[in-house]
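Structure file upload-v1.cif; described as mmCIF, C-alpha atoms; chains and numbers go by the auth columns.
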data_run
#
loop_
_atom_site.group_PDB
_atom_site.id
_atom_site.type_symbol
_atom_site.label_atom_id
_atom_site.label_comp_id
_atom_site.label_asym_id
_atom_site.label_seq_id
_atom_site.Cartn_x
_atom_site.Cartn_y
_atom_site.Cartn_z
_atom_site.B_iso_or_equiv
_atom_site.auth_seq_id
_atom_site.auth_asym_id
ATOM 1 C CA MET A 1 -92.626 -1.890 66.991 0.00 21 P
ATOM 2 C CA LEU A 2 -91.620 -4.203 69.788 0.00 22 P
ATOM 3 C CA ARG A 3 -92.849 -7.782 69.557 0.00 23 P
ATOM 4 C CA ILE A 4 -92.438 -9.468 72.896 0.00 24 P
ATOM 5 C CA PRO A 5 -93.593 -12.801 74.327 0.00 25 P
ATOM 6 C CA VAL A 6 -96.224 -12.535 77.032 0.00 26 P
ATOM 7 C CA ASP A 7 -94.159 -14.433 79.590 0.00 27 P
ATOM 8 C CA MET A 8 -91.424 -11.832 79.306 0.00 28 P
ATOM 9 C CA VAL A 9 -93.890 -9.016 79.834 0.00 29 P
ATOM 10 C CA GLU A 10 -95.142 -10.792 82.940 0.00 30 P
ATOM 11 C CA ALA A 11 -91.591 -11.397 84.192 0.00 31 P
ATOM 12 C CA ILE A 12 -90.639 -7.743 83.747 0.00 32 P
ATOM 13 C CA VAL A 13 -93.743 -6.569 85.584 0.00 33 P
ATOM 14 C CA ALA A 14 -93.111 -9.101 88.371 0.00 34 P
ATOM 15 C CA HIS A 15 -89.511 -7.909 88.683 0.00 35 P
ATOM 16 C CA ALA A 16 -90.662 -4.290 88.861 0.00 36 P
ATOM 17 C CA ARG A 17 -93.252 -5.165 91.514 0.00 37 P
ATOM 18 C CA ALA A 18 -90.742 -7.151 93.549 0.00 38 P
ATOM 19 C CA ASP A 19 -88.222 -4.299 93.671 0.00 39 P
ATOM 20 C CA HIS A 20 -90.798 -1.555 94.203 0.00 40 P
ATOM 21 C CA PRO A 21 -90.298 1.170 95.493 0.00 41 P
ATOM 22 C CA ASP A 22 -86.774 0.911 94.073 0.00 42 P
ATOM 23 C CA GLU A 23 -86.353 0.897 90.326 0.00 43 P
ATOM 24 C CA ALA A 24 -85.847 -2.510 88.726 0.00 44 P
ATOM 25 C CA CYS A 25 -83.780 -3.020 85.577 0.00 45 P
ATOM 26 C CA GLY A 26 -82.643 -5.666 83.150 0.00 46 P
ATOM 27 C CA ILE A 27 -82.367 -6.662 79.534 0.00 47 P
ATOM 28 C CA ILE A 28 -83.740 -9.118 77.051 0.00 48 P
ATOM 29 C CA ALA A 29 -81.155 -10.551 74.726 0.00 49 P
ATOM 30 C CA GLY A 30 -81.757 -11.983 71.306 0.00 50 P
ATOM 31 C CA PRO A 31 -79.789 -13.227 68.327 0.00 51 P
ATOM 32 C CA ALA A 32 -77.686 -10.402 66.894 0.00 52 P
ATOM 33 C CA GLY A 33 -79.568 -8.541 64.205 0.00 53 P
ATOM 34 C CA SER A 34 -82.830 -10.435 64.770 0.00 54 P
ATOM 35 C CA ASP A 35 -84.682 -7.783 66.790 0.00 55 P
ATOM 36 C CA ARG A 36 -86.229 -10.789 68.569 0.00 56 P
ATOM 37 C CA PRO A 37 -86.222 -10.801 72.394 0.00 57 P
ATOM 38 C CA THR A 38 -85.537 -14.367 73.511 0.00 58 P
ATOM 39 C CA ARG A 39 -83.647 -14.399 76.812 0.00 59 P
ATOM 40 C CA LEU A 40 -84.570 -12.236 79.764 0.00 60 P
ATOM 41 C CA VAL A 41 -81.807 -11.272 82.184 0.00 61 P
ATOM 42 C CA PRO A 42 -82.828 -9.342 85.308 0.00 62 P
ATOM 43 C CA MET A 43 -79.950 -7.133 86.442 0.00 63 P
ATOM 44 C CA THR A 44 -78.959 -5.718 89.800 0.00 64 P
ATOM 45 C CA ASN A 45 -79.727 -2.050 90.262 0.00 65 P
ATOM 46 C CA ALA A 46 -76.436 -1.041 91.851 0.00 66 P
ATOM 47 C CA GLU A 47 -78.047 2.204 93.016 0.00 67 P
ATOM 48 C CA ARG A 48 -80.916 0.506 94.861 0.00 68 P
ATOM 49 C CA SER A 49 -82.811 3.742 94.462 0.00 69 P
ATOM 50 C CA PRO A 50 -86.433 4.745 93.856 0.00 70 P
ATOM 51 C CA THR A 51 -85.293 7.382 91.354 0.00 71 P
ATOM 52 C CA PHE A 52 -82.204 5.990 89.647 0.00 72 P
ATOM 53 C CA TYR A 53 -80.851 2.767 88.256 0.00 73 P
ATOM 54 C CA ARG A 54 -77.481 1.645 87.052 0.00 74 P
ATOM 55 C CA PHE A 55 -76.455 -1.859 86.089 0.00 75 P
ATOM 56 C CA ASP A 56 -73.806 -3.251 88.415 0.00 76 P
ATOM 57 C CA SER A 57 -70.705 -2.742 86.296 0.00 77 P
ATOM 58 C CA GLY A 58 -69.130 -6.142 86.935 0.00 78 P
ATOM 59 C CA GLU A 59 -72.385 -7.953 86.276 0.00 79 P
ATOM 60 C CA GLN A 60 -72.816 -5.946 83.099 0.00 80 P
ATOM 61 C CA LEU A 61 -69.374 -6.865 81.806 0.00 81 P
ATOM 62 C CA ARG A 62 -70.011 -10.566 82.397 0.00 82 P
ATOM 63 C CA LEU A 63 -73.345 -10.290 80.630 0.00 83 P
ATOM 64 C CA TYR A 64 -71.931 -8.487 77.607 0.00 84 P
ATOM 65 C CA LYS A 65 -69.149 -11.054 77.266 0.00 85 P
ATOM 66 C CA GLN A 66 -71.727 -13.833 77.310 0.00 86 P
ATOM 67 C CA LEU A 67 -73.796 -12.041 74.692 0.00 87 P
ATOM 68 C CA ASP A 68 -70.771 -11.548 72.494 0.00 88 P
ATOM 69 C CA ALA A 69 -69.745 -15.201 72.784 0.00 89 P
ATOM 70 C CA ALA A 70 -73.268 -16.353 71.928 0.00 90 P
ATOM 71 C CA ASP A 71 -73.640 -13.891 69.040 0.00 91 P
ATOM 72 C CA GLU A 72 -76.463 -12.194 70.895 0.00 92 P
ATOM 73 C CA GLU A 73 -77.160 -8.550 71.517 0.00 93 P
ATOM 74 C CA VAL A 74 -79.315 -6.420 73.780 0.00 94 P
ATOM 75 C CA VAL A 75 -82.758 -6.253 72.164 0.00 95 P
ATOM 76 C CA VAL A 76 -84.616 -4.710 75.097 0.00 96 P
ATOM 77 C CA VAL A 77 -83.401 -2.587 77.997 0.00 97 P
ATOM 78 C CA TYR A 78 -86.087 -2.329 80.652 0.00 98 P
ATOM 79 C CA HIS A 79 -86.498 -0.447 83.877 0.00 99 P
ATOM 80 C CA SER A 80 -89.270 0.718 86.135 0.00 100 P
ATOM 81 C CA HIS A 81 -90.427 4.086 87.304 0.00 101 P
ATOM 82 C CA THR A 82 -92.034 3.624 90.662 0.00 102 P
ATOM 83 C CA ALA A 83 -93.729 6.974 91.245 0.00 103 P
ATOM 84 C CA THR A 84 -93.992 8.496 87.779 0.00 104 P
ATOM 85 C CA GLU A 85 -95.284 7.577 84.367 0.00 105 P
ATOM 86 C CA ALA A 86 -93.642 5.032 82.075 0.00 106 P
ATOM 87 C CA TYR A 87 -91.952 7.618 79.900 0.00 107 P
ATOM 88 C CA PRO A 88 -88.209 8.227 79.489 0.00 108 P
ATOM 89 C CA SER A 89 -86.839 10.917 81.780 0.00 109 P
ATOM 90 C CA ARG A 90 -84.086 13.278 80.755 0.00 110 P
ATOM 91 C CA THR A 91 -81.729 11.020 82.663 0.00 111 P
ATOM 92 C CA ASP A 92 -82.934 7.997 80.689 0.00 112 P
ATOM 93 C CA ILE A 93 -82.402 9.850 77.433 0.00 113 P
ATOM 94 C CA SER A 94 -78.937 11.089 78.325 0.00 114 P
ATOM 95 C CA TYR A 95 -77.782 7.579 79.208 0.00 115 P
ATOM 96 C CA ALA A 96 -79.399 5.719 76.343 0.00 116 P
ATOM 97 C CA GLY A 97 -76.392 3.984 74.817 0.00 117 P
ATOM 98 C CA GLU A 98 -77.851 1.034 72.945 0.00 118 P
ATOM 99 C CA PRO A 99 -79.051 2.418 69.617 0.00 119 P
ATOM 100 C CA GLN A 100 -80.420 -0.951 68.484 0.00 120 P
ATOM 101 C CA ALA A 101 -82.468 -1.523 71.647 0.00 121 P
ATOM 102 C CA HIS A 102 -86.078 -1.055 72.555 0.00 122 P
ATOM 103 C CA TYR A 103 -86.293 0.887 75.804 0.00 123 P
ATOM 104 C CA VAL A 104 -89.147 -0.567 77.836 0.00 124 P
ATOM 105 C CA LEU A 105 -90.503 1.339 80.798 0.00 125 P
ATOM 106 C CA VAL A 106 -92.892 -0.037 83.366 0.00 126 P
ATOM 107 C CA SER A 107 -94.596 2.155 85.887 0.00 127 P
ATOM 108 C CA THR A 108 -95.567 0.623 89.199 0.00 128 P
ATOM 109 C CA ARG A 109 -96.961 3.803 90.718 0.00 129 P
ATOM 110 C CA GLU A 110 -100.442 2.255 90.787 0.00 130 P
ATOM 111 C CA PRO A 111 -100.630 -0.828 93.011 0.00 131 P
ATOM 112 C CA ASP A 112 -103.238 -2.629 90.940 0.00 132 P
ATOM 113 C CA SER A 113 -102.324 -1.707 87.398 0.00 133 P
ATOM 114 C CA HIS A 114 -99.175 -1.029 85.470 0.00 134 P
ATOM 115 C CA GLU A 115 -98.090 0.844 82.399 0.00 135 P
ATOM 116 C CA PHE A 116 -95.853 -1.051 79.963 0.00 136 P
ATOM 117 C CA ARG A 117 -94.514 1.093 77.128 0.00 137 P
ATOM 118 C CA SER A 118 -91.667 0.890 74.654 0.00 138 P
ATOM 119 C CA PHE A 119 -89.514 3.586 73.114 0.00 139 P
ATOM 120 C CA ARG A 120 -86.652 4.110 70.744 0.00 140 P
ATOM 121 C CA ILE A 121 -84.077 6.565 72.002 0.00 141 P
ATOM 122 C CA PHE A 122 -81.573 7.677 69.434 0.00 142 P
ATOM 123 C CA ASP A 123 -79.377 10.755 69.513 0.00 143 P
ATOM 124 C CA GLY A 124 -81.452 12.242 72.308 0.00 144 P
ATOM 125 C CA VAL A 125 -84.738 11.804 70.474 0.00 145 P
ATOM 126 C CA VAL A 126 -87.508 9.663 71.978 0.00 146 P
ATOM 127 C CA SER A 127 -90.079 7.890 69.813 0.00 147 P
ATOM 128 C CA GLU A 128 -92.747 5.771 71.401 0.00 148 P
ATOM 129 C CA GLU A 129 -93.562 2.588 69.534 0.00 149 P
ATOM 130 C CA ASP A 130 -96.325 -0.001 69.574 0.00 150 P
ATOM 131 C CA VAL A 131 -95.949 -3.120 71.681 0.00 151 P
ATOM 132 C CA GLU A 132 -97.274 -6.362 70.256 0.00 152 P
ATOM 133 C CA ILE A 133 -97.541 -9.095 72.846 0.00 153 P
ATOM 134 C CA ILE A 134 -97.115 -12.525 71.323 0.00 154 P
ATOM 135 C CA PRO A 135 -97.539 -16.021 72.815 0.00 155 P
ATOM 136 C CA ALA A 136 -94.818 -17.374 75.037 0.00 156 P
ATOM 137 C CA GLY A 137 -92.291 -19.895 73.839 0.00 157 P
ATOM 138 C CA PRO A 138 -88.782 -20.040 72.493 0.00 158 P
ATOM 139 C CA ASP A 139 -89.842 -20.768 68.947 0.00 159 P
ATOM 140 C CA VAL A 140 -92.832 -18.689 68.201 0.00 160 P
ATOM 141 C CA ALA A 141 -93.930 -19.429 64.692 0.00 161 P
ATOM 142 C CA PRO A 142 -93.811 -16.620 62.192 0.00 162 P
ATOM 143 C CA LEU A 143 -97.141 -14.957 61.838 0.00 163 P
ATOM 144 C CA SER A 144 -99.121 -16.423 59.003 0.00 164 P
ATOM 145 C CA THR A 145 -100.748 -14.181 56.502 0.00 165 P
ATOM 146 C CA GLY A 146 -104.430 -13.547 56.752 0.00 166 P
ATOM 147 C CA GLU A 147 -104.408 -13.280 60.508 0.00 167 P
ATOM 148 C CA SER A 148 -103.740 -10.359 62.698 0.00 168 P
ATOM 149 C CA GLY A 149 -101.157 -12.517 64.400 0.00 169 P
ATOM 150 C CA SER A 150 -100.976 -11.045 67.832 0.00 170 P
ATOM 151 C CA GLN A 151 -103.212 -12.354 70.535 0.00 171 P
ATOM 152 C CA PRO A 152 -104.756 -10.476 73.371 0.00 172 P
ATOM 153 C CA VAL A 153 -102.795 -10.832 76.560 0.00 173 P
ATOM 154 C CA SER A 154 -105.726 -12.448 78.297 0.00 174 P
ATOM 155 C CA ALA A 155 -105.819 -15.255 75.750 0.00 175 P
ATOM 156 C CA ALA A 156 -102.146 -16.000 76.102 0.00 176 P
ATOM 157 C CA THR A 157 -101.581 -15.821 79.812 0.00 177 P
ATOM 158 C CA HIS A 158 -102.343 -19.476 80.362 0.00 178 P
ATOM 159 C CA LEU A 159 -99.729 -20.764 78.010 0.00 179 P
ATOM 160 C CA VAL A 160 -97.129 -22.812 79.781 0.00 180 P
ATOM 161 C CA GLN A 161 -93.877 -20.992 80.132 0.00 181 P
ATOM 162 C CA SER A 162 -91.121 -23.075 78.673 0.00 182 P
ATOM 163 C CA MET B 1 -47.408 -0.882 75.334 0.00 27 V
ATOM 164 C CA SER B 2 -49.974 -2.221 72.905 0.00 28 V
ATOM 165 C CA VAL B 3 -53.411 -3.076 74.218 0.00 29 V
ATOM 166 C CA SER B 4 -56.597 -4.214 72.557 0.00 30 V
ATOM 167 C CA VAL B 5 -59.696 -2.113 73.025 0.00 31 V
ATOM 168 C CA SER B 6 -63.205 -3.471 72.627 0.00 32 V
ATOM 169 C CA VAL B 7 -65.585 -0.829 71.280 0.00 33 V
ATOM 170 C CA PRO B 8 -69.357 -0.866 71.933 0.00 34 V
ATOM 171 C CA THR B 9 -71.938 -0.587 69.174 0.00 35 V
ATOM 172 C CA ILE B 10 -72.715 3.045 69.860 0.00 36 V
ATOM 173 C CA LEU B 11 -69.083 4.097 69.330 0.00 37 V
ATOM 174 C CA ARG B 12 -68.385 2.014 66.262 0.00 38 V
ATOM 175 C CA PRO B 13 -69.361 4.786 63.866 0.00 39 V
ATOM 176 C CA VAL B 14 -66.335 6.610 65.291 0.00 40 V
ATOM 177 C CA THR B 15 -64.023 3.618 64.819 0.00 41 V
ATOM 178 C CA LYS B 16 -65.148 3.095 61.245 0.00 42 V
ATOM 179 C CA GLY B 17 -67.167 0.053 62.283 0.00 43 V
ATOM 180 C CA GLU B 18 -64.293 -1.692 64.045 0.00 44 V
ATOM 181 C CA LYS B 19 -65.304 -3.746 67.065 0.00 45 V
ATOM 182 C CA THR B 20 -61.779 -4.158 68.407 0.00 46 V
ATOM 183 C CA VAL B 21 -58.946 -1.732 67.879 0.00 47 V
ATOM 184 C CA SER B 22 -55.399 -1.638 69.191 0.00 48 V
ATOM 185 C CA ALA B 23 -53.848 1.274 70.982 0.00 49 V
ATOM 186 C CA GLU B 24 -50.625 2.348 72.645 0.00 50 V
ATOM 187 C CA GLY B 25 -50.076 3.766 76.098 0.00 51 V
ATOM 188 C CA GLY B 26 -48.921 3.123 79.618 0.00 52 V
ATOM 189 C CA THR B 27 -52.067 4.438 81.259 0.00 53 V
ATOM 190 C CA LEU B 28 -55.705 4.484 80.264 0.00 54 V
ATOM 191 C CA ALA B 29 -55.455 8.225 79.627 0.00 55 V
ATOM 192 C CA GLU B 30 -52.611 7.638 77.162 0.00 56 V
ATOM 193 C CA VAL B 31 -54.554 4.862 75.472 0.00 57 V
ATOM 194 C CA ILE B 32 -57.512 7.193 74.989 0.00 58 V
ATOM 195 C CA THR B 33 -55.268 9.965 73.649 0.00 59 V
ATOM 196 C CA ASP B 34 -53.784 7.524 71.168 0.00 60 V
ATOM 197 C CA LEU B 35 -57.230 6.311 70.097 0.00 61 V
ATOM 198 C CA ASP B 36 -58.474 9.868 69.678 0.00 62 V
ATOM 199 C CA SER B 37 -55.540 10.677 67.397 0.00 63 V
ATOM 200 C CA ARG B 38 -56.743 8.036 64.970 0.00 64 V
ATOM 201 C CA TYR B 39 -60.469 8.078 65.652 0.00 65 V
ATOM 202 C CA SER B 40 -61.268 11.724 65.999 0.00 66 V
ATOM 203 C CA GLY B 41 -63.968 12.465 68.537 0.00 67 V
ATOM 204 C CA LEU B 42 -63.602 9.252 70.481 0.00 68 V
ATOM 205 C CA GLY B 43 -61.869 11.010 73.348 0.00 69 V
ATOM 206 C CA ASP B 44 -64.773 13.363 73.887 0.00 70 V
ATOM 207 C CA ARG B 45 -67.121 10.411 74.158 0.00 71 V
ATOM 208 C CA LEU B 46 -65.053 8.862 76.935 0.00 72 V
ATOM 209 C CA VAL B 47 -63.620 11.752 78.920 0.00 73 V
ATOM 210 C CA LYS B 48 -65.259 14.912 80.179 0.00 74 V
ATOM 211 C CA ASN B 49 -63.484 17.618 82.184 0.00 75 V
ATOM 212 C CA GLY B 50 -60.503 15.364 82.722 0.00 76 V
ATOM 213 C CA ALA B 51 -62.474 12.468 84.168 0.00 77 V
ATOM 214 C CA LEU B 52 -64.112 9.374 82.821 0.00 78 V
ATOM 215 C CA HIS B 53 -67.506 10.254 81.380 0.00 79 V
ATOM 216 C CA ARG B 54 -70.352 8.988 83.507 0.00 80 V
ATOM 217 C CA PHE B 55 -72.074 7.516 80.471 0.00 81 V
ATOM 218 C CA VAL B 56 -69.394 4.894 79.924 0.00 82 V
ATOM 219 C CA ASN B 57 -67.819 2.054 81.826 0.00 83 V
ATOM 220 C CA ILE B 58 -64.235 1.178 81.005 0.00 84 V
ATOM 221 C CA TYR B 59 -62.597 -2.007 82.181 0.00 85 V
ATOM 222 C CA VAL B 60 -58.965 -3.087 82.090 0.00 86 V
ATOM 223 C CA ASN B 61 -58.774 -6.862 82.197 0.00 87 V
ATOM 224 C CA ASP B 62 -62.326 -7.044 83.546 0.00 88 V
ATOM 225 C CA GLU B 63 -61.719 -4.545 86.363 0.00 89 V
ATOM 226 C CA ASP B 64 -63.882 -1.427 86.314 0.00 90 V
ATOM 227 C CA VAL B 65 -61.350 1.408 86.210 0.00 91 V
ATOM 228 C CA ARG B 66 -63.476 3.474 88.580 0.00 92 V
ATOM 229 C CA PHE B 67 -62.060 1.193 91.249 0.00 93 V
ATOM 230 C CA THR B 68 -58.484 1.083 89.962 0.00 94 V
ATOM 231 C CA GLY B 69 -57.502 4.719 89.513 0.00 95 V
ATOM 232 C CA GLY B 70 -59.712 5.913 86.698 0.00 96 V
ATOM 233 C CA LEU B 71 -57.828 7.425 83.785 0.00 97 V
ATOM 234 C CA GLU B 72 -54.529 6.890 85.612 0.00 98 V
ATOM 235 C CA THR B 73 -55.030 3.130 85.665 0.00 99 V
ATOM 236 C CA THR B 74 -51.881 1.557 84.284 0.00 100 V
ATOM 237 C CA VAL B 75 -52.014 -0.813 81.369 0.00 101 V
ATOM 238 C CA ALA B 76 -49.459 -3.353 80.241 0.00 102 V
ATOM 239 C CA GLU B 77 -48.626 -5.040 76.969 0.00 103 V
ATOM 240 C CA GLY B 78 -51.450 -7.310 75.910 0.00 104 V
ATOM 241 C CA ASP B 79 -54.017 -5.939 78.333 0.00 105 V
ATOM 242 C CA GLU B 80 -57.624 -5.931 77.282 0.00 106 V
ATOM 243 C CA VAL B 81 -59.553 -2.714 77.584 0.00 107 V
ATOM 244 C CA THR B 82 -63.324 -2.931 77.280 0.00 108 V
ATOM 245 C CA ILE B 83 -65.599 0.060 76.775 0.00 109 V
ATOM 246 C CA LEU B 84 -69.308 -0.371 77.489 0.00 110 V
ATOM 247 C CA PRO B 85 -72.145 2.110 77.645 0.00 111 V
ATOM 248 C CA ALA B 86 -73.250 2.589 81.234 0.00 112 V
ATOM 249 C CA VAL B 87 -76.768 1.226 81.337 0.00 113 V
ATOM 250 C CA ALA B 88 -78.423 3.667 83.671 0.00 114 V
ATOM 251 C CA GLY B 89 -81.205 6.179 84.039 0.00 115 V
ATOM 252 C CA GLY B 90 -84.201 6.685 86.208 0.00 116 V
ATOM 253 C CA SER B 91 -87.037 8.948 87.034 0.00 117 V
ATOM 254 C CA SER B 92 -84.924 11.418 88.997 0.00 118 V
ATOM 255 C CA THR B 93 -85.563 14.261 86.586 0.00 119 V
ATOM 256 C CA ALA B 94 -89.269 14.942 86.734 0.00 120 V
ATOM 257 C CA GLY B 95 -91.311 16.500 84.015 0.00 121 V
ATOM 258 C CA SER B 96 -89.436 14.814 81.227 0.00 122 V
ATOM 259 C CA SER B 97 -92.418 14.066 79.064 0.00 123 V
ATOM 260 C CA ARG B 98 -93.584 17.602 78.772 0.00 124 V
#

Mind converting the file's structure to structure tokens?
Amino acid sequence: MLRIPVDMVEAIVAHARADHPDEACGIIAGPAGSDRPTRLVPMTNAERSPTFYRFDSGEQLRLYKQLDAADEEVVVVYHSHTATEAYPSRTDISYAGEPQAHYVLVSTREPDSHEFRSFRIFDGVVSEEDVEIIPAGPDVAPLSTGESGSQPVSAATHLVQS
Amino acid sequence: MSVSVSVPTILRPVTKGEKTVSAEGGTLAEVITDLDSRYSGLGDRLVKNGALHRFVNIYVNDEDVRFTGGLETTVAEGDEVTILPAVAGGSSTAGSSR
């Protein structure tokens, strides 16, 4: 399951909308081994294409060096499909090279609604997973017992983004 | 020529978990051949049909080798070689979810 702060969901969707009809892409980093997405980094789609994306290689190297220095890793890799569903294509599967990452796909094919889905892609096998949207903030408290924990998106959208 | 090679997460099972390994060679191709002799299978993950595999980016001292001669890129003592997975994909192949 992917647990992701609502402000990051909104930022990814906004990025996808802004780059539409080209595919948008980026990552969310988090502390190594935490599986916690904490820092969103929109990346340049060097292909500037409606059907393909590739991180700019120089930008990617700088990013990965920063992550390494900060003891962070890629927790989420996201990109948009702008005319098809939010499901990994064969191309997505063949390139999936971050075994620890959640692969988030957003579809912007509908102007007024979007699909936001998350997958694991490992050794060519795709597994969809649940997405739990949690309140925004750098230090989201651990979920206490006795509560479902996650909040509906609508209840969390007014939280101030820090 | 001895160079250091930074290995991405996805290839570390091949390098026995090592994040940085050293290798010998005067060109990137020689470096990869040397690595493959000690970490069997690594070469096939980096090179396909005599060219750099499209699924990986390789940098020599922060320069993407696609712009510096590919596998023939020369390396010198102390150079840093970085291997990263190409982060790429897209909807270009339709019908994937069937």

With chain P as the partner and 10 Å as the cut-off, tabulate the residues of chain V that qualify, each row holding the nearest pair of atoms and their distance in Å to one decimal, using only C-alpha atoms, sorted by chain and rising number, as JSON lines.
{"residue": "V:Pro34", "atom": "CA", "partner": "P:Glu118", "partner_atom": "CA", "distance": 8.8}
{"residue": "V:Thr35", "atom": "CA", "partner": "P:Glu118", "partner_atom": "CA", "distance": 7.2}
{"residue": "V:Ile36", "atom": "CA", "partner": "P:Gly117", "partner_atom": "CA", "distance": 6.2}
{"residue": "V:Leu37", "atom": "CA", "partner": "P:Gly117", "partner_atom": "CA", "distance": 9.1}
{"residue": "V:Arg80", "atom": "CA", "partner": "P:Tyr115", "partner_atom": "CA", "distance": 8.7}
{"residue": "V:Phe81", "atom": "CA", "partner": "P:Tyr115", "partner_atom": "CA", "distance": 5.8}
{"residue": "V:Val82", "atom": "CA", "partner": "P:Gly117", "partner_atom": "CA", "distance": 8.7}
{"residue": "V:Asn83", "atom": "CA", "partner": "P:Ser77", "partner_atom": "CA", "distance": 7.2}
{"residue": "V:Ile84", "atom": "CA", "partner": "P:Ser77", "partner_atom": "CA", "distance": 9.2}
{"residue": "V:Tyr85", "atom": "CA", "partner": "P:Leu81", "partner_atom": "CA", "distance": 8.3}
{"residue": "V:Asp88", "atom": "CA", "partner": "P:Leu81", "partner_atom": "CA", "distance": 7.3}
{"residue": "V:Glu89", "atom": "CA", "partner": "P:Gly78", "partner_atom": "CA", "distance": 7.6}
{"residue": "V:Asp90", "atom": "CA", "partner": "P:Ser77", "partner_atom": "CA", "distance": 6.9}
{"residue": "V:Arg92", "atom": "CA", "partner": "P:Ser77", "partner_atom": "CA", "distance": 9.8}
{"residue": "V:Thr108", "atom": "CA", "partner": "P:Leu81", "partner_atom": "CA", "distance": 8.5}
{"residue": "V:Ile109", "atom": "CA", "partner": "P:Leu81", "partner_atom": "CA", "distance": 9.4}
{"residue": "V:Leu110", "atom": "CA", "partner": "P:Leu81", "partner_atom": "CA", "distance": 7.8}
{"residue": "V:Pro111", "atom": "CA", "partner": "P:Gly117", "partner_atom": "CA", "distance": 5.4}
{"residue": "V:Ala112", "atom": "CA", "partner": "P:Tyr115", "partner_atom": "CA", "distance": 7.0}
{"residue": "V:Val113", "atom": "CA", "partner": "P:Phe75", "partner_atom": "CA", "distance": 5.7}
{"residue": "V:Ala114", "atom": "CA", "partner": "P:Arg74", "partner_atom": "CA", "distance": 4.1}
{"residue": "V:Gly115", "atom": "CA", "partner": "P:Asp112", "partner_atom": "CA", "distance": 4.2}
{"residue": "V:Gly116", "atom": "CA", "partner": "P:Phe72", "partner_atom": "CA", "distance": 4.0}
{"residue": "V:Ser117", "atom": "CA", "partner": "P:Thr71", "partner_atom": "CA", "distance": 4.9}
{"residue": "V:Ser118", "atom": "CA", "partner": "P:Thr71", "partner_atom": "CA", "distance": 4.7}
{"residue": "V:Thr119", "atom": "CA", "partner": "P:Ser109", "partner_atom": "CA", "distance": 6.0}
{"residue": "V:Ala120", "atom": "CA", "partner": "P:Ser109", "partner_atom": "CA", "distance": 6.8}
{"residue": "V:Gly121", "atom": "CA", "partner": "P:Ser109", "partner_atom": "CA", "distance": 7.5}
{"residue": "V:Ser122", "atom": "CA", "partner": "P:Ser109", "partner_atom": "CA", "distance": 4.7}
{"residue": "V:Ser123", "atom": "CA", "partner": "P:Tyr107", "partner_atom": "CA", "distance": 6.5}
{"residue": "V:Arg124", "atom": "CA", "partner": "P:Ser109", "partner_atom": "CA", "distance": 10.0}

field: Residue IDs satisfying the PyMOL selection byres ((chain P and resi 136) around 9), as a PyMOL selection string
entry: chain P and resi 29+33+106+124-127+134-135+137-138+151

Would you write out those residues with C-alpha atoms, as a JSON list (two decimals), keeping the file's coordinate frame?
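Written out: again_26.json:
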[["chain", "number", "residue", "atom", "x", "y", "z"],
["P", 29, "VAL", "CA", -93.89, -9.02, 79.83],
["P", 33, "VAL", "CA", -93.74, -6.57, 85.58],
["P", 106, "ALA", "CA", -93.64, 5.03, 82.08],
["P", 124, "VAL", "CA", -89.15, -0.57, 77.84],
["P", 125, "LEU", "CA", -90.50, 1.34, 80.80],
["P", 126, "VAL", "CA", -92.89, -0.04, 83.37],
["P", 127, "SER", "CA", -94.60, 2.15, 85.89],
["P", 134, "HIS", "CA", -99.18, -1.03, 85.47],
["P", 135, "GLU", "CA", -98.09, 0.84, 82.40],
["P", 137, "ARG", "CA", -94.51, 1.09, 77.13],
["P", 138, "SER", "CA", -91.67, 0.89, 74.65],
["P", 151, "VAL", "CA", -95.95, -3.12, 71.68]]

Of P:Pro41, P:Pro57, P:Pro51, P:Pro131, the one sitting nearest Asp27 in chain P when using all atoms listed in the file is P:Pro57

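Take the candidates V:Glu56, V:Asp70, V:Glu50, V:Glu44 and check each one against Leu97 in chain V using only C-alpha atoms; the shortest distance goes to V:Glu56.
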
If we count all atoms listed in the file and set the cut-off at 7 Å, which residues sit around Ser28 in chain V, ignoring sequence neighbours fewer than 6 positions away in its own chain? Please answer as a tab-separated table (two decimals) with C-alpha atoms, in the coordinates of the input.
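Ended up saving to result19.tsv:
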chain	number	residue	atom	x	y	z
V	48	SER	CA	-55.40	-1.64	69.19
V	49	ALA	CA	-53.85	1.27	70.98
V	50	GLU	CA	-50.62	2.35	72.64
V	51	GLY	CA	-50.08	3.77	76.10
V	103	GLU	CA	-48.63	-5.04	76.97
V	104	GLY	CA	-51.45	-7.31	75.91

Box time for range 49-65 of chain P: axis-aligned, enclosing all its listed atoms, 3 Å extra on each side; report centre and edge lengths in Å to one decimal, as lines of an AutoDock Vina configuration file.
center_x = -82.0
center_y = -8.2
center_z = 77.2
size_x = 14.5
size_y = 18.3
size_z = 32.1

Inset, instruction - Any chance you could resolve the PyMOL selection byres ((chain V and resi 57-63) around 10) against this file and give the residues as a count of residues only? - result: 31

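The interatomic distance for the pair CA of Arg56 in chain P and CA of Ile24 in chain P works out to 7.7 Å.
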
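Of note, CA of Asp132 in chain P and CA of Ile153 in chain P are spaced 20.0 Å apart.
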
Taken to one decimal, the CA of Pro39 in chain V-CA of His79 in chain V distance is 18.4 Å

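The residues returned by the PyMOL selection byres ((chain P and resi 152) around 9) on the shown structure are Met21, Leu22, Arg23, Ile24, Pro25, Asp150, Val151, Ile153, Ile154, Ser170 and Gln171 of chain P.
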
Could those residues be written to a file, using C-alpha atoms, as a CSV table (one decimal), in the frame of the given file?
chain,number,residue,atom,x,y,z
P,21,MET,CA,-92.6,-1.9,67.0
P,22,LEU,CA,-91.6,-4.2,69.8
P,23,ARG,CA,-92.8,-7.8,69.6
P,24,ILE,CA,-92.4,-9.5,72.9
P,25,PRO,CA,-93.6,-12.8,74.3
P,150,ASP,CA,-96.3,0.0,69.6
P,151,VAL,CA,-95.9,-3.1,71.7
P,153,ILE,CA,-97.5,-9.1,72.8
P,154,ILE,CA,-97.1,-12.5,71.3
P,170,SER,CA,-101.0,-11.0,67.8
P,171,GLN,CA,-103.2,-12.4,70.5
